[in-house]
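Here is the structure we will look at.
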Amino acid sequence: MRGQQRELSFRFMAQPGDVNFGGKVHGGAVMRWIDQTGYAAAVAWSGAYCVTAAVSSIQFLQPIRIGDLVSVQAKLIHTGHSSMQFAVDVLARDLRQGQSRLTTSCVMVFVAVDAEAEHPIEVPKWTPTEPDDLKLAAYAERLSEISRSMEKPLREDHPGIVER
Ligand SMILES: CC(C)(COP(=O)(O)OP(=O)(O)OC[C@H]1O[C@@H](n2cnc3c(N)ncnc32)[C@H](O)[C@@H]1OP(=O)(O)O)[C@@H](O)C(=O)NCCC(=O)NCCS
């Protein structure tokens, strides 16, 4: 039900088809998992079709090996009028050992859109109350401000790169 599910995760094994030239999981495969999990979380929260508007702060911290148990976890950390920001973490575990390790993290912005008219539509509001959630929401707002402030001069100076 819309506005109820704040967190959503996918779990699966890293497959031989996900491999890069170095024998580890390809960065593109990790980004696809992140996008799929974030999308599912955004649709579950908004109850609407959503599009990816931005991905920021992505960090590849450790490699993932083929055969690792992968867990991709998306958590809502901010809502605007039509936008939602999710912190997405990718954890991997060698099944021969007990510990999961954080391999990748990022913040994604999704926008709920009317599937036919394709214009942004309102999403259920999430109001943080816990201290950790207040910090995450403030971080999300700050990230958004930084991203916008960097985007504008980049467009002005390098229209060929970021032309719209
Ligand atoms: C994302 C998109 C719907 C925004 O449409 P728009 O006409 O620019 O709409 P608005 O300017 O009203 O912005 C809508 C919301 O998106 C947010 N937004 C748009 N671009 C953003 C960006 N780069 N970073 C962060 N937020 C962004 C706005 O802040 C606004 O949030 P709010 O409603 O919570 O205040 C439109 O740019 C789009 O369709 N982009 C392509 C998406 C896509 O193809 N993704 C990949 C495949 S899913």
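Quick note on naming: the chains in the structure tokens go A, B, ... in the order shown, residues restart at 1 in each chain, and ligands are numbered from 1 in order of appearance.
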Task: Within 9 Å of stretch 17-21 of chain A using only C-alpha atoms, minus same-chain residues under 6 positions, as a ChimeraX atom specification - done: /A:27-30,65-66
Open item on the list: Could you list the protein, DNA and RNA residues that have any atom within 8 Å of ligand 1, counting only C-alpha atoms and all ligand atoms, and write them as a list of chain:residue names?
Closed with: A:Cys50, A:Val51, A:Thr52, A:Ala53, A:Ala54, A:Val55, A:Thr79, A:Gly80, A:His81, A:Ser82, A:Ser83, A:Met84, A:Val109, A:Phe110, A:Val111, A:Ala112, A:Val113, A:Glu118, A:His119, A:Pro120, A:Ile121, A:Glu122, A:Ser144, A:Ser147, A:Arg148
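Atom CA of A:Leu143 is positioned 26.6 Å from atom CA of A:Val70.
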- [ ] Could you give me, as a list in words, the residues within 9 Å of A:Ala138, counting only C-alpha atoms and dropping anything in the same chain fewer than 5 positions from it?
- [x] Ile77, His78, Asp133 and Leu143 of chain A
For the selection you just gave me, I'd like the residues written to a file as a tab-separated table (two decimals), in the first residue's frame, keeping C-alpha atoms.
```tsv
chain	number	residue	atom	x	y	z
A	77	ILE	CA	15.45	9.20	3.23
A	78	HIS	CA	13.54	12.18	1.81
A	133	ASP	CA	16.38	9.68	10.05
A	143	LEU	CA	23.13	16.51	-1.52
```
- [ ] For A:Val107, please output as a PyMOL selection string all residues within 8 Å (counting only C-alpha atoms; exclusion window: fewer than 3 positions along the same chain).
- [x] chain A and resi 55-58+85-88+140
Could the residues in this selection be saved with N, CA and C atoms as an mmCIF file, in the first residue's frame?
```
data_model
loop_
_atom_site.group_PDB
_atom_site.id
_atom_site.type_symbol
_atom_site.label_atom_id
_atom_site.label_comp_id
_atom_site.auth_asym_id
_atom_site.auth_seq_id
_atom_site.Cartn_x
_atom_site.Cartn_y
_atom_site.Cartn_z
ATOM 1 N N VAL A 55 21.375 10.054 -9.843
ATOM 2 C CA VAL A 55 22.112 9.154 -8.939
ATOM 3 C C VAL A 55 23.318 9.949 -8.458
ATOM 4 N N SER A 56 23.475 10.044 -7.151
ATOM 5 C CA SER A 56 24.641 10.798 -6.677
ATOM 6 C C SER A 56 25.360 10.037 -5.583
ATOM 7 N N SER A 57 26.580 10.516 -5.351
ATOM 8 C CA SER A 57 27.368 9.996 -4.240
ATOM 9 C C SER A 57 27.653 8.504 -4.371
ATOM 10 N N ILE A 58 27.766 8.001 -5.614
ATOM 11 C CA ILE A 58 27.989 6.546 -5.750
ATOM 12 C C ILE A 58 29.446 6.220 -5.438
ATOM 13 N N GLN A 85 13.994 10.451 -2.439
ATOM 14 C CA GLN A 85 15.407 10.094 -2.411
ATOM 15 C C GLN A 85 15.576 8.816 -1.599
ATOM 16 N N PHE A 86 16.339 7.888 -2.168
ATOM 17 C CA PHE A 86 16.604 6.612 -1.498
ATOM 18 C C PHE A 86 18.106 6.437 -1.309
ATOM 19 N N ALA A 87 18.512 6.042 -0.109
ATOM 20 C CA ALA A 87 19.887 5.582 0.105
ATOM 21 C C ALA A 87 19.891 4.114 -0.292
ATOM 22 N N VAL A 88 20.815 3.744 -1.174
ATOM 23 C CA VAL A 88 20.881 2.347 -1.618
ATOM 24 C C VAL A 88 22.259 1.783 -1.278
ATOM 25 N N ALA A 140 20.230 14.257 2.597
ATOM 26 C CA ALA A 140 19.594 14.173 1.276
ATOM 27 C C ALA A 140 19.335 15.583 0.723
#
```
- [ ] Report as a PyMOL selection string: the residues of stretch 8-153 of chain A with a DSSP assignment of strand (DSSP E), based on the backbone of this structure.
- [x] chain A and resi 8-13+50-60+69-79+83-93+100-112
Write to file, as a short mmCIF file (atom, residue, chain, number, x, y, z; two decimals), in the first residue's frame, the residues of the selection just made, with C-alpha atoms.
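Just written: result_36.cif:
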```cif
data_model
loop_
_atom_site.label_atom_id
_atom_site.label_comp_id
_atom_site.auth_asym_id
_atom_site.auth_seq_id
_atom_site.Cartn_x
_atom_site.Cartn_y
_atom_site.Cartn_z
CA LEU A 8 12.84 -2.74 0.21
CA SER A 9 15.63 -5.20 -0.59
CA PHE A 10 16.61 -7.75 -3.23
CA ARG A 11 18.78 -10.83 -2.48
CA PHE A 12 20.42 -13.10 -5.03
CA MET A 13 23.72 -14.73 -5.95
CA CYS A 50 8.51 6.25 -11.41
CA VAL A 51 11.56 7.37 -13.36
CA THR A 52 15.16 7.74 -12.22
CA ALA A 53 16.02 11.46 -12.12
CA ALA A 54 19.52 11.36 -10.60
CA VAL A 55 22.11 9.15 -8.94
CA SER A 56 24.64 10.80 -6.68
CA SER A 57 27.37 10.00 -4.24
CA ILE A 58 27.99 6.55 -5.75
CA GLN A 59 30.97 4.79 -4.23
CA PHE A 60 32.38 1.41 -5.15
CA LEU A 69 25.29 -13.62 -1.81
CA VAL A 70 24.30 -10.06 -2.73
CA SER A 71 21.80 -7.94 -0.84
CA VAL A 72 20.69 -4.61 -2.33
CA GLN A 73 18.87 -2.46 0.21
CA ALA A 74 16.95 0.72 -0.56
CA LYS A 75 15.72 3.05 2.19
CA LEU A 76 13.63 6.20 1.72
CA ILE A 77 15.45 9.20 3.23
CA HIS A 78 13.54 12.18 1.81
CA THR A 79 10.35 13.05 -0.03
CA SER A 83 10.47 13.25 -5.87
CA MET A 84 11.82 10.62 -3.48
CA GLN A 85 15.41 10.09 -2.41
CA PHE A 86 16.60 6.61 -1.50
CA ALA A 87 19.89 5.58 0.11
CA VAL A 88 20.88 2.35 -1.62
CA ASP A 89 23.52 0.00 -0.18
CA VAL A 90 24.89 -3.14 -1.79
CA LEU A 91 26.22 -5.77 0.58
CA ALA A 92 27.99 -8.99 -0.40
CA ARG A 93 28.76 -12.12 1.56
CA SER A 100 28.51 -9.30 4.93
CA ARG A 101 30.58 -6.41 3.63
CA LEU A 102 29.36 -3.07 2.28
CA THR A 103 30.51 -2.92 -1.36
CA THR A 104 28.64 0.00 -2.93
CA SER A 105 26.46 2.86 -1.79
CA CYS A 106 24.68 5.79 -3.41
CA VAL A 107 21.68 8.09 -3.19
CA MET A 108 19.05 7.93 -5.93
CA VAL A 109 16.31 10.39 -6.85
CA PHE A 110 13.12 8.98 -8.34
CA VAL A 111 10.18 11.01 -9.59
CA ALA A 112 6.64 9.61 -9.66
#
```
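Counting from atom CA of A:Glu145, the distance to atom CA of A:Ala41 is 23.0 Å.
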